[in-house]
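Accompanying notes for the structure given below.
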Protein chains: 2
Amino acid sequence: MKVIFAKMQKVYNFNAGPAMLPVEVMQKAQDEFLNYKNSGMSIMEVSHRGKHFEEVLNSADKNLRNLLSIPENYSVAFFPGGATFQFSAVPMNLIAKEEHGDYSLTGVWSVKAFQEAKKLGYGANCIFDGKEIQYSRIPKITEENISKDSKYLFITSNNTIYGSCYKKIPDVSSVPMIADMTSDLLSRKIDVSKFAYIFAGAQKNIGPSGLTVGIIRNDLLEMKKGPVPVLLDFKQYFGSKSLYNTPPTFSIYIANLVFEWCLQKGGLEVIEKENDAKAELLYTYLENSNLYTLPIEKNSRSNMNVVFHLKDKSLEKKFIDESELLGLHGLAGHRDAGGMRASIYNAMPIKGVETLIEFLKTFEEKNA
Amino acid sequence: MKVIFAKMQKVYNFNAGPAMLPVEVMQKAQDEFLNYKNSGMSIMEVSHRGKHFEEVLNSADKNLRNLLSIPENYSVAFFPGGATFQFSAVPMNLIAKEEHGDYSLTGVWSVKAFQEAKKLGYGANCIFDGKEIQYSRIPKITEENISKDSKYLFITSNNTIYGSCYKKIPDVSSVPMIADMTSDLLSRKIDVSKFAYIFAGAQKNIGPSGLTVGIIRNDLLEMKKGPVPVLLDFKQYFGSKSLYNTPPTFSIYIANLVFEWCLQKGGLEVIEKENDAKAELLYTYLENSNLYTLPIEKNSRSNMNVVFHLKDKSLEKKFIDESELLGLHGLAGHRDAGGMRASIYNAMPIKGVETLIEFLKTFEEKNA
């Protein structure tokens, strides 16, 4: 196995995020790091209101719209910070304190979003709580689940920590659907028109951490009922086209290179097929093994974060030590979920998954 | 002049921010961009909770403390986003709605901070308004200026847009002093113990945009009177040592390289002397010229942002076009202040200032 591996890249990075970015993107960013388009400056050093960054920002908007077929009545923005900011922003921008939104609690991040709304004094109603089943299943949400007078439905489309996802996005149109798509945006085709607001922290399939992409249906920009901190104010921020103040320019530049890479690969249809194939390979091996188990129900499993356990927990340290030695990096699961996790985002080549499976087999043979 | 210039670097970048970063920092970041410390990964791609980033974050904390001699009863954090977030965070974390803080309005950014506090429903009291004098002078603030029952004093230590600064930091100890030091932190020695909270957007002397450094006296962490969005909550964010969620890891890495660069130069005493020398050269030339004027009173002039006007405004476009052709980039003033602005942050070498003065002379000779 070492021989096979040595021919390929040095390390396969299975981190859940910050995560590996496409090699071609990283090489391009390195090549032009000191001298962007012969300007004599790095893109990191140019004004956010000058022509170079203006081109980057316009291109990022255009490329993202193109990739996701974003309808014209939606606006795009690039926010500073992670998705956690949006947990605060969603109720502040969409409801009054005496109103409420519905939350489907499928993992750590939806629970945090729910708790944040409550903490800030807004109504937050739980319509599904996966806690008792260790978040092992994603619910089927339909109109009947929406509570009376609810002002929105909040879901986390993919749960990075537990490794679950909505294989089928809920078909709900009576209230605006808000989705935290941090760990699966750009991994598969979606129908943006089903959502009222999509946001995604960049550090999985988009770019560096500290950046969040927002895609909003324009009527939601008019729903604010009270004052909102200016950088969390949807109307202000989307209205300024991400230029209310100085945005995270370098991160937006990397995100745009990733968008270009996605388009060059053939767009989300091609990427989704690749992701299906990678996940299928890995889950099929794990399902049929005697050493590993899968905690998530089959039709709720994430194609991005493949969570698995060793039946014998005492082997966990050995597993991590040996995988790290072979350059299979970042396989330890999140502390809240335990076990192992292989995050196989867009940038993970199928060879990385194949190499992981080789290791899983060898480890199983030695420890069965 | 072209001959002199050709021997040196290709472009001198006088942007107000995002701004030029030290060449040595940018080269190091480029060198290890694809393979950080032989990990086979970029620092951008590693986990924010793994050993590589942990080292970076600890080192950044230690280096910043070292550079500024930060007392032990102060905490440091690296926030996502720009200083604008702090305009909201300051009143939300420090006062109740019926209380107020005092604001000294010396330019665009302090006005924005003042307006944000008011918009969010907090008391904000103006103790100096420079609007009528076009922000041409910085006030001397003493205890007598502080209003009855004020809970804090808010100042902008350096005004990027108008090119003014507090040469002497106000000597006020009856209320906590809060300073937005976005455009002068690390440019000169300061006595941190005079301040209760310092914050600074990174994109001038620290690193990429989308990152803000916060330095807080620990007793301020206990002053919250109501709920605060979690990433703006001082107690939460400082308490988590910048790891409440995924912080802007790559930006923090660059900031740490800049801190190391500052230390290698000999620290802030050496840097301040260099900055004094650069500003002295440029202001002395401008003071004695017949073509240019200086809108800011002498003892309020910023060493970071040198704002000057052409007596004959019709020459402005020619000035910008000719300077750009010579590789003197970013000299147009901010739209709110007009005229010209040379931002000469730490990373601007004295040769850059000398080259600018050569150009100013030549331009004056041709257009006098």
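We label chains A, B, ... in the order they appear in the structure tokens, count residues from 1 in each chain, and number ligands from 1 in the order shown.
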Could you produce a table of the residues of chain B lying within 7 Å of chain A, with the nearest pair of atoms per residue and their separation in Å rounded to one decimal, using only C-alpha atoms, ordered by chain and increasing residue number, as JSON lines?
{"residue": "B:Lys10", "atom": "CA", "partner": "A:Gly40", "partner_atom": "CA", "distance": 6.0}
{"residue": "B:Val11", "atom": "CA", "partner": "A:Gly40", "partner_atom": "CA", "distance": 5.5}
{"residue": "B:Asn15", "atom": "CA", "partner": "A:Ser47", "partner_atom": "CA", "distance": 6.4}
{"residue": "B:Gly17", "atom": "CA", "partner": "A:Ser47", "partner_atom": "CA", "distance": 6.1}
{"residue": "B:Pro18", "atom": "CA", "partner": "A:Glu45", "partner_atom": "CA", "distance": 5.1}
{"residue": "B:Ala19", "atom": "CA", "partner": "A:Glu45", "partner_atom": "CA", "distance": 4.7}
{"residue": "B:Met20", "atom": "CA", "partner": "A:Glu45", "partner_atom": "CA", "distance": 5.0}
{"residue": "B:Leu21", "atom": "CA", "partner": "A:Glu45", "partner_atom": "CA", "distance": 6.8}
{"residue": "B:Met26", "atom": "CA", "partner": "A:Leu34", "partner_atom": "CA", "distance": 6.8}
{"residue": "B:Gln30", "atom": "CA", "partner": "A:Gln30", "partner_atom": "CA", "distance": 5.8}
{"residue": "B:Phe33", "atom": "CA", "partner": "A:Gln30", "partner_atom": "CA", "distance": 6.4}
{"residue": "B:Leu34", "atom": "CA", "partner": "A:Met26", "partner_atom": "CA", "distance": 6.8}
{"residue": "B:Gly40", "atom": "CA", "partner": "A:Val11", "partner_atom": "CA", "distance": 5.5}
{"residue": "B:Met44", "atom": "CA", "partner": "A:Pro208", "partner_atom": "CA", "distance": 6.1}
{"residue": "B:Glu45", "atom": "CA", "partner": "A:Ala19", "partner_atom": "CA", "distance": 4.7}
{"residue": "B:Val46", "atom": "CA", "partner": "A:Pro18", "partner_atom": "CA", "distance": 5.7}
{"residue": "B:Ser47", "atom": "CA", "partner": "A:Pro18", "partner_atom": "CA", "distance": 5.3}
{"residue": "B:His48", "atom": "CA", "partner": "A:Pro18", "partner_atom": "CA", "distance": 6.8}
{"residue": "B:Pro80", "atom": "CA", "partner": "A:Gly81", "partner_atom": "CA", "distance": 4.8}
{"residue": "B:Gly81", "atom": "CA", "partner": "A:Pro80", "partner_atom": "CA", "distance": 4.8}
{"residue": "B:Gly82", "atom": "CA", "partner": "A:Thr246", "partner_atom": "CA", "distance": 6.7}
{"residue": "B:Phe85", "atom": "CA", "partner": "A:Leu231", "partner_atom": "CA", "distance": 6.4}
{"residue": "B:Ser88", "atom": "CA", "partner": "A:Pro229", "partner_atom": "CA", "distance": 5.6}
{"residue": "B:Lys119", "atom": "CA", "partner": "A:Pro227", "partner_atom": "CA", "distance": 6.6}
{"residue": "B:Leu120", "atom": "CA", "partner": "A:Pro227", "partner_atom": "CA", "distance": 5.6}
{"residue": "B:Pro208", "atom": "CA", "partner": "A:Met44", "partner_atom": "CA", "distance": 6.1}
{"residue": "B:Ser209", "atom": "CA", "partner": "A:Pro248", "partner_atom": "CA", "distance": 4.9}
{"residue": "B:Gly210", "atom": "CA", "partner": "A:Pro248", "partner_atom": "CA", "distance": 4.0}
{"residue": "B:Pro227", "atom": "CA", "partner": "A:Leu120", "partner_atom": "CA", "distance": 5.6}
{"residue": "B:Val228", "atom": "CA", "partner": "A:Leu120", "partner_atom": "CA", "distance": 6.9}
{"residue": "B:Pro229", "atom": "CA", "partner": "A:Ser88", "partner_atom": "CA", "distance": 5.6}
{"residue": "B:Leu231", "atom": "CA", "partner": "A:Phe85", "partner_atom": "CA", "distance": 6.4}
{"residue": "B:Thr246", "atom": "CA", "partner": "A:Ser209", "partner_atom": "CA", "distance": 6.5}
{"residue": "B:Pro247", "atom": "CA", "partner": "A:Gly210", "partner_atom": "CA", "distance": 5.7}
{"residue": "B:Pro248", "atom": "CA", "partner": "A:Gly210", "partner_atom": "CA", "distance": 4.0}
{"residue": "B:Thr249", "atom": "CA", "partner": "A:Ser209", "partner_atom": "CA", "distance": 6.2}
{"residue": "B:Phe250", "atom": "CA", "partner": "A:Pro208", "partner_atom": "CA", "distance": 7.0}
How would the residues just chosen look if you wrote them out with C-alpha atoms as a JSON list (two decimals), in the first residue's frame?
[["chain", "number", "residue", "atom", "x", "y", "z"],
["B", 10, "LYS", "CA", 7.73, 47.82, -9.35],
["B", 11, "VAL", "CA", 4.85, 49.41, -7.51],
["B", 15, "ASN", "CA", -3.86, 52.25, -0.63],
["B", 17, "GLY", "CA", -6.61, 49.50, 3.19],
["B", 18, "PRO", "CA", -6.55, 46.73, 2.19],
["B", 19, "ALA", "CA", -2.98, 47.93, 2.05],
["B", 20, "MET", "CA", 0.50, 46.73, 1.27],
["B", 21, "LEU", "CA", 1.89, 44.10, 3.60],
["B", 26, "MET", "CA", 4.14, 37.90, 1.64],
["B", 30, "GLN", "CA", 3.76, 32.27, -0.69],
["B", 33, "PHE", "CA", 1.22, 28.30, 0.81],
["B", 34, "LEU", "CA", 0.86, 24.72, -0.46],
["B", 40, "GLY", "CA", 1.45, 18.39, 2.93],
["B", 44, "MET", "CA", -5.65, 27.41, 5.07],
["B", 45, "GLU", "CA", -6.71, 23.76, 4.88],
["B", 46, "VAL", "CA", -5.92, 22.53, 8.40],
["B", 47, "SER", "CA", -8.35, 22.22, 11.27],
["B", 48, "HIS", "CA", -8.75, 25.23, 13.54],
["B", 80, "PRO", "CA", -14.08, 37.77, 12.09],
["B", 81, "GLY", "CA", -15.15, 40.83, 10.12],
["B", 82, "GLY", "CA", -14.10, 44.44, 10.26],
["B", 85, "PHE", "CA", -18.91, 44.83, 13.91],
["B", 88, "SER", "CA", -22.43, 47.30, 17.38],
["B", 119, "LYS", "CA", -29.73, 52.96, 16.03],
["B", 120, "LEU", "CA", -29.55, 49.95, 18.34],
["B", 208, "PRO", "CA", -5.89, 40.76, 5.31],
["B", 209, "SER", "CA", -9.34, 42.33, 5.56],
["B", 210, "GLY", "CA", -12.05, 40.38, 7.38],
["B", 227, "PRO", "CA", -28.51, 39.31, 25.18],
["B", 228, "VAL", "CA", -25.85, 39.84, 22.51],
["B", 229, "PRO", "CA", -25.45, 37.92, 19.21],
["B", 231, "LEU", "CA", -20.08, 36.15, 17.95],
["B", 246, "THR", "CA", -14.18, 28.54, 13.11],
["B", 247, "PRO", "CA", -12.25, 31.81, 13.06],
["B", 248, "PRO", "CA", -10.62, 33.30, 9.92],
["B", 249, "THR", "CA", -7.62, 30.98, 10.23],
["B", 250, "PHE", "CA", -5.57, 32.05, 7.23]]
If we count only C-alpha atoms and set the cut-off at 12 Å, which residues sit around Val270 in chain A, ignoring sequence neighbours fewer than 2 positions away in its own chain? Please answer as a ChimeraX atom specification. /A:67,186-189,261-268,272-277,346
Can I get the selected residues back with all heavy atoms, as a compact mmCIF listing (two decimals), in the first residue's frame?
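Below is the file that was written, again_19.txt:
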# COMPACT_ATOMS: atom_id res chain seq x y z
N LEU A 67 -23.46 28.65 -11.40
CA LEU A 67 -23.34 27.29 -10.85
C LEU A 67 -24.66 26.79 -10.28
O LEU A 67 -25.01 25.62 -10.43
CB LEU A 67 -22.33 27.30 -9.71
CG LEU A 67 -20.88 27.00 -10.04
CD1 LEU A 67 -20.01 27.26 -8.81
CD2 LEU A 67 -20.71 25.57 -10.53
N LEU A 186 -22.84 23.53 -3.09
CA LEU A 186 -21.96 23.25 -4.24
C LEU A 186 -21.58 21.78 -4.37
O LEU A 186 -20.80 21.41 -5.25
CB LEU A 186 -20.68 24.11 -4.23
CG LEU A 186 -20.85 25.61 -4.22
CD1 LEU A 186 -19.49 26.29 -4.45
CD2 LEU A 186 -21.83 26.09 -5.27
N SER A 187 -22.12 20.93 -3.49
CA SER A 187 -21.79 19.51 -3.60
C SER A 187 -22.81 18.76 -4.44
O SER A 187 -22.58 17.62 -4.84
CB SER A 187 -21.73 18.86 -2.21
OG SER A 187 -23.03 18.68 -1.69
N ARG A 188 -23.96 19.41 -4.67
CA ARG A 188 -25.02 18.75 -5.43
C ARG A 188 -25.93 19.81 -6.02
O ARG A 188 -25.92 20.97 -5.58
CB ARG A 188 -25.83 17.82 -4.53
CG ARG A 188 -26.36 18.47 -3.24
CD ARG A 188 -27.27 17.54 -2.46
NE ARG A 188 -27.56 18.03 -1.11
CZ ARG A 188 -28.56 17.56 -0.36
NH1 ARG A 188 -29.35 16.62 -0.81
NH2 ARG A 188 -28.75 18.03 0.87
N LYS A 189 -26.71 19.39 -6.99
CA LYS A 189 -27.67 20.33 -7.59
C LYS A 189 -28.78 20.62 -6.57
O LYS A 189 -29.24 19.70 -5.88
CB LYS A 189 -28.30 19.73 -8.85
CG LYS A 189 -27.35 19.73 -10.03
CD LYS A 189 -28.05 19.37 -11.32
CE LYS A 189 -28.86 20.55 -11.84
NZ LYS A 189 -29.39 20.29 -13.21
N TRP A 261 -13.34 26.72 -10.78
CA TRP A 261 -12.93 25.30 -10.83
C TRP A 261 -14.17 24.41 -10.97
O TRP A 261 -14.18 23.47 -11.77
CB TRP A 261 -12.14 25.00 -9.56
CG TRP A 261 -11.70 23.58 -9.39
CD1 TRP A 261 -10.56 23.00 -9.89
CD2 TRP A 261 -12.35 22.55 -8.61
NE1 TRP A 261 -10.47 21.69 -9.48
CE2 TRP A 261 -11.55 21.39 -8.70
CE3 TRP A 261 -13.52 22.51 -7.85
CZ2 TRP A 261 -11.89 20.20 -8.05
CZ3 TRP A 261 -13.87 21.33 -7.21
CH2 TRP A 261 -13.06 20.19 -7.32
N CYS A 262 -15.22 24.72 -10.23
CA CYS A 262 -16.46 23.94 -10.31
C CYS A 262 -17.06 24.03 -11.71
O CYS A 262 -17.51 23.02 -12.28
CB CYS A 262 -17.50 24.45 -9.30
SG CYS A 262 -17.09 24.12 -7.59
N LEU A 263 -17.05 25.24 -12.27
CA LEU A 263 -17.60 25.41 -13.62
C LEU A 263 -16.77 24.66 -14.65
O LEU A 263 -17.30 24.01 -15.55
CB LEU A 263 -17.69 26.90 -13.97
CG LEU A 263 -18.79 27.68 -13.25
CD1 LEU A 263 -18.58 29.19 -13.38
CD2 LEU A 263 -20.18 27.30 -13.79
N GLN A 264 -15.44 24.72 -14.49
CA GLN A 264 -14.57 24.03 -15.44
C GLN A 264 -14.74 22.51 -15.38
O GLN A 264 -14.56 21.82 -16.37
CB GLN A 264 -13.10 24.40 -15.18
CG GLN A 264 -12.72 25.71 -15.86
CD GLN A 264 -11.51 26.39 -15.24
OE1 GLN A 264 -10.75 25.73 -14.52
NE2 GLN A 264 -11.33 27.66 -15.49
N LYS A 265 -15.08 22.01 -14.22
CA LYS A 265 -15.34 20.57 -14.10
C LYS A 265 -16.62 20.16 -14.80
O LYS A 265 -16.88 18.97 -14.99
CB LYS A 265 -15.47 20.17 -12.62
CG LYS A 265 -14.18 19.98 -11.90
CD LYS A 265 -14.43 19.54 -10.47
CE LYS A 265 -14.64 18.07 -10.32
NZ LYS A 265 -13.39 17.30 -10.27
N GLY A 266 -17.46 21.14 -15.12
CA GLY A 266 -18.72 20.82 -15.78
C GLY A 266 -19.93 21.18 -14.94
O GLY A 266 -21.07 20.81 -15.27
N GLY A 267 -19.68 21.84 -13.80
CA GLY A 267 -20.82 22.30 -12.99
C GLY A 267 -21.27 21.25 -11.99
O GLY A 267 -20.64 20.21 -11.81
N LEU A 268 -22.38 21.56 -11.33
CA LEU A 268 -22.80 20.76 -10.18
C LEU A 268 -23.32 19.37 -10.55
O LEU A 268 -23.28 18.45 -9.74
CB LEU A 268 -23.85 21.51 -9.36
CG LEU A 268 -23.35 22.81 -8.72
CD1 LEU A 268 -24.37 23.33 -7.72
CD2 LEU A 268 -21.99 22.64 -8.05
N GLU A 272 -21.82 16.45 -8.53
CA GLU A 272 -22.71 15.59 -7.76
C GLU A 272 -22.46 14.11 -8.08
O GLU A 272 -22.42 13.27 -7.18
CB GLU A 272 -24.17 15.96 -8.04
CG GLU A 272 -25.16 15.14 -7.23
CD GLU A 272 -26.59 15.65 -7.32
OE1 GLU A 272 -26.84 16.64 -8.05
OE2 GLU A 272 -27.46 15.07 -6.65
N LYS A 273 -22.29 13.80 -9.36
CA LYS A 273 -22.02 12.41 -9.76
C LYS A 273 -20.73 11.91 -9.12
O LYS A 273 -20.67 10.79 -8.61
CB LYS A 273 -21.91 12.31 -11.29
CG LYS A 273 -23.25 12.01 -11.94
CD LYS A 273 -23.10 11.74 -13.44
CE LYS A 273 -24.47 11.88 -14.10
NZ LYS A 273 -24.39 12.23 -15.50
N GLU A 274 -19.71 12.74 -9.16
CA GLU A 274 -18.43 12.35 -8.54
C GLU A 274 -18.60 12.12 -7.05
O GLU A 274 -18.07 11.17 -6.50
CB GLU A 274 -17.38 13.45 -8.75
CG GLU A 274 -16.78 13.46 -10.13
CD GLU A 274 -15.60 14.44 -10.21
OE1 GLU A 274 -15.09 14.91 -9.15
OE2 GLU A 274 -15.21 14.74 -11.34
N ASN A 275 -19.35 13.02 -6.41
CA ASN A 275 -19.55 12.88 -4.97
C ASN A 275 -20.37 11.64 -4.63
O ASN A 275 -20.08 10.94 -3.66
CB ASN A 275 -20.22 14.14 -4.40
CG ASN A 275 -19.27 15.32 -4.34
OD1 ASN A 275 -18.05 15.13 -4.22
ND2 ASN A 275 -19.79 16.52 -4.43
N ASP A 276 -21.38 11.36 -5.46
CA ASP A 276 -22.16 10.14 -5.27
C ASP A 276 -21.25 8.91 -5.38
O ASP A 276 -21.33 7.99 -4.57
CB ASP A 276 -23.26 10.03 -6.35
CG ASP A 276 -24.45 10.94 -6.07
OD1 ASP A 276 -24.54 11.46 -4.93
OD2 ASP A 276 -25.27 11.14 -6.97
N ALA A 277 -20.39 8.93 -6.38
CA ALA A 277 -19.51 7.78 -6.61
C ALA A 277 -18.54 7.59 -5.44
O ALA A 277 -18.32 6.47 -4.96
CB ALA A 277 -18.74 7.96 -7.92
N ASN A 346 -15.88 18.29 -2.29
CA ASN A 346 -15.60 18.33 -3.73
C ASN A 346 -14.12 18.15 -4.06
O ASN A 346 -13.77 17.53 -5.06
CB ASN A 346 -16.04 19.68 -4.32
CG ASN A 346 -17.55 19.85 -4.29
OD1 ASN A 346 -18.29 18.91 -4.00
ND2 ASN A 346 -18.01 21.06 -4.61
With only C-alpha atoms as the counted atoms, please give the residues lying no more than 9 Å from Val353 in chain B, apart from itself and same-chain residues fewer than 5 positions off, as JSON, numbers by chain. {"B": [12, 278, 279, 281, 282, 342, 344, 348, 358]}
Those same residues - N, CA and C atoms - I'd like them written as a CSV table (one decimal), in the first residue's frame.
chain,number,residue,atom,x,y,z
B,12,TYR,N,4.7,51.1,-5.7
B,12,TYR,CA,4.5,51.4,-4.3
B,12,TYR,C,3.0,51.6,-4.1
B,278,LYS,N,9.3,58.9,8.1
B,278,LYS,CA,8.6,58.9,6.8
B,278,LYS,C,7.6,60.0,6.7
B,279,ALA,N,6.8,60.2,7.8
B,279,ALA,CA,5.8,61.2,7.8
B,279,ALA,C,6.4,62.6,7.8
B,281,LEU,N,9.3,63.5,6.5
B,281,LEU,CA,9.8,63.8,5.2
B,281,LEU,C,8.7,64.3,4.3
B,282,LEU,N,7.6,63.6,4.3
B,282,LEU,CA,6.5,63.9,3.4
B,282,LEU,C,5.8,65.2,3.8
B,342,ALA,N,-1.9,59.7,0.8
B,342,ALA,CA,-0.8,58.7,0.8
B,342,ALA,C,-0.8,57.9,2.1
B,344,ILE,N,0.8,55.5,4.4
B,344,ILE,CA,2.2,55.1,4.6
B,344,ILE,C,2.3,54.2,5.9
B,348,MET,N,5.3,50.2,4.3
B,348,MET,CA,5.8,51.1,3.2
B,348,MET,C,7.2,51.5,3.5
B,358,GLU,N,9.8,62.6,-4.9
B,358,GLU,CA,10.4,62.9,-6.2
B,358,GLU,C,9.3,63.2,-7.2
Residues flagged alpha helix (DSSP H) by DSSP in range 132-328 of chain A, as number ranges by chain: A: 234-239, 249-265, 268-287, 316-325
List the neighbours of Asn125 in chain B out to 10 Å using only C-alpha atoms; skip same-chain residues closer than 6 positions along the sequence, and give me the result as an MDAnalysis selection string. chainID B and resid 100:104 114 117:118 146:147 150 153:154
Kindly export the residues of the current selection with N, CA, C and O atoms, as an mmCIF file, in the first residue's frame.
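Final file, result30.cif:
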data_model
loop_
_atom_site.group_PDB
_atom_site.id
_atom_site.type_symbol
_atom_site.label_atom_id
_atom_site.label_comp_id
_atom_site.auth_asym_id
_atom_site.auth_seq_id
_atom_site.Cartn_x
_atom_site.Cartn_y
_atom_site.Cartn_z
ATOM 1 N N HIS B 100 -25.579 55.489 28.700
ATOM 2 C CA HIS B 100 -24.945 56.064 27.501
ATOM 3 C C HIS B 100 -23.431 56.073 27.601
ATOM 4 O O HIS B 100 -22.853 56.033 28.689
ATOM 5 N N GLY B 101 -22.810 56.128 26.429
ATOM 6 C CA GLY B 101 -21.373 56.335 26.319
ATOM 7 C C GLY B 101 -21.109 57.652 25.612
ATOM 8 O O GLY B 101 -21.986 58.171 24.911
ATOM 9 N N ASP B 102 -19.903 58.211 25.820
ATOM 10 C CA ASP B 102 -19.523 59.458 25.148
ATOM 11 C C ASP B 102 -18.709 59.157 23.889
ATOM 12 O O ASP B 102 -17.833 58.287 23.913
ATOM 13 N N TYR B 103 -18.993 59.884 22.837
ATOM 14 C CA TYR B 103 -18.290 59.685 21.562
ATOM 15 C C TYR B 103 -17.630 60.991 21.122
ATOM 16 O O TYR B 103 -18.270 62.038 21.126
ATOM 17 N N SER B 104 -16.380 60.888 20.724
ATOM 18 C CA SER B 104 -15.688 62.026 20.130
ATOM 19 C C SER B 104 -15.677 61.819 18.620
ATOM 20 O O SER B 104 -15.067 60.870 18.116
ATOM 21 N N PHE B 114 -21.006 56.020 16.520
ATOM 22 C CA PHE B 114 -21.996 56.796 17.274
ATOM 23 C C PHE B 114 -23.411 56.499 16.770
ATOM 24 O O PHE B 114 -24.327 56.198 17.555
ATOM 25 N N ALA B 117 -24.654 52.910 17.709
ATOM 26 C CA ALA B 117 -25.121 52.789 19.095
ATOM 27 C C ALA B 117 -26.536 53.347 19.213
ATOM 28 O O ALA B 117 -27.428 52.722 19.789
ATOM 29 N N LYS B 118 -26.760 54.524 18.626
ATOM 30 C CA LYS B 118 -28.103 55.141 18.679
ATOM 31 C C LYS B 118 -29.132 54.272 17.989
ATOM 32 O O LYS B 118 -30.239 54.063 18.497
ATOM 33 N N ILE B 146 -15.967 64.554 29.951
ATOM 34 C CA ILE B 146 -16.807 63.357 30.111
ATOM 35 C C ILE B 146 -18.150 63.756 30.726
ATOM 36 O O ILE B 146 -18.193 64.482 31.711
ATOM 37 N N SER B 147 -19.237 63.286 30.120
ATOM 38 C CA SER B 147 -20.567 63.710 30.580
ATOM 39 C C SER B 147 -20.960 62.950 31.841
ATOM 40 O O SER B 147 -20.439 61.877 32.138
ATOM 41 N N SER B 150 -21.769 59.006 32.195
ATOM 42 C CA SER B 150 -21.296 58.297 31.002
ATOM 43 C C SER B 150 -20.655 56.984 31.420
ATOM 44 O O SER B 150 -20.018 56.898 32.470
ATOM 45 N N LEU B 153 -15.892 56.220 27.174
ATOM 46 C CA LEU B 153 -15.476 57.206 26.171
ATOM 47 C C LEU B 153 -15.032 56.434 24.937
ATOM 48 O O LEU B 153 -14.203 55.521 25.037
ATOM 49 N N PHE B 154 -15.581 56.804 23.780
ATOM 50 C CA PHE B 154 -15.213 56.136 22.532
ATOM 51 C C PHE B 154 -14.437 57.111 21.654
ATOM 52 O O PHE B 154 -14.926 58.197 21.338
#
Give me the range 8-99 of chain B side of the contact with range 212-224 of chain B, cut-off 6 Å, one line per residue showing its nearest atom pair and distance in Å at one decimal, counting only C-alpha atoms, sorted by chain and residue number, as JSON lines.
{"residue": "B:Asn73", "atom": "CA", "partner": "B:Asn218", "partner_atom": "CA", "distance": 5.8}
{"residue": "B:Tyr74", "atom": "CA", "partner": "B:Arg217", "partner_atom": "CA", "distance": 4.3}
{"residue": "B:Ser75", "atom": "CA", "partner": "B:Ile216", "partner_atom": "CA", "distance": 5.3}
{"residue": "B:Val76", "atom": "CA", "partner": "B:Ile215", "partner_atom": "CA", "distance": 4.6}
{"residue": "B:Ala77", "atom": "CA", "partner": "B:Gly214", "partner_atom": "CA", "distance": 5.1}
{"residue": "B:Phe78", "atom": "CA", "partner": "B:Val213", "partner_atom": "CA", "distance": 4.8}
{"residue": "B:Phe79", "atom": "CA", "partner": "B:Thr212", "partner_atom": "CA", "distance": 5.0}
{"residue": "B:Gly82", "atom": "CA", "partner": "B:Thr212", "partner_atom": "CA", "distance": 5.6}
{"residue": "B:Asn93", "atom": "CA", "partner": "B:Lys224", "partner_atom": "CA", "distance": 4.6}
{"residue": "B:Leu94", "atom": "CA", "partner": "B:Met223", "partner_atom": "CA", "distance": 5.2}
Generate a file of the selected residues that holds N, CA and C atoms, formatted as a compact mmCIF listing (two decimals), in the first residue's frame.
# COMPACT_ATOMS: atom_id res chain seq x y z
N ASN B 73 -3.89 41.43 32.90
CA ASN B 73 -5.34 41.48 33.12
C ASN B 73 -6.12 41.90 31.87
N TYR B 74 -5.49 41.73 30.71
CA TYR B 74 -6.16 41.97 29.43
C TYR B 74 -6.19 40.67 28.63
N SER B 75 -7.28 40.48 27.87
CA SER B 75 -7.40 39.32 26.97
C SER B 75 -7.33 39.79 25.52
N VAL B 76 -6.88 38.88 24.68
CA VAL B 76 -6.74 39.15 23.24
C VAL B 76 -7.67 38.23 22.47
N ALA B 77 -8.32 38.75 21.43
CA ALA B 77 -9.10 37.86 20.55
C ALA B 77 -8.97 38.32 19.11
N PHE B 78 -9.20 37.38 18.22
CA PHE B 78 -9.17 37.65 16.79
C PHE B 78 -10.57 37.40 16.24
N PHE B 79 -11.28 38.50 15.99
CA PHE B 79 -12.67 38.41 15.54
C PHE B 79 -12.76 38.32 14.01
N GLY B 82 -14.82 43.19 10.07
CA GLY B 82 -14.10 44.44 10.26
C GLY B 82 -14.50 45.15 11.53
N ASN B 93 -22.34 45.19 24.64
CA ASN B 93 -21.61 44.48 25.69
C ASN B 93 -21.37 45.31 26.94
N LEU B 94 -21.49 46.64 26.80
CA LEU B 94 -21.03 47.46 27.92
C LEU B 94 -22.11 48.22 28.66
Sel. of strand (DSSP E) residues, range 121-357 of chain A, as a ChimeraX atom specification: /A:123-129,153-156,158-159,164-165,177-180,197-201,211-217,292-293,305-310,328-329,340-343
If we count only C-alpha atoms, what is near Ile206 in chain B at a cut-off of 9 Å, once residues fewer than 6 positions away on the same chain are taken out, given as a ChimeraX atom specification? /B:21,185-186,200,213,254-256,258-259
Coordinates-based distance that separates CA of Gly333 in chain B from CA of Lys241 in chain A (Å, one decimal): 22.3 Å
Distance query Ser174 in chain B at most 12 Å, only C-alpha atoms, self and fewer than 6 positions along chain excluded, as a ChimeraX atom specification: /B:142-153,194-196
In Å, how far is it from CA of Val56 in chain A to CA of Leu257 in chain A? 9.2 Å
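Among B:Leu356, B:Leu286, B:Ile155, B:Ala113, the residue with the shortest atom-to-atom distance to Ile141 in chain B, counting only C-alpha atoms, is B:Ile155.
With CA of Ser193 in chain A on one side and CA of Glu72 in chain A on the other, the separation reads 10.1 Å.
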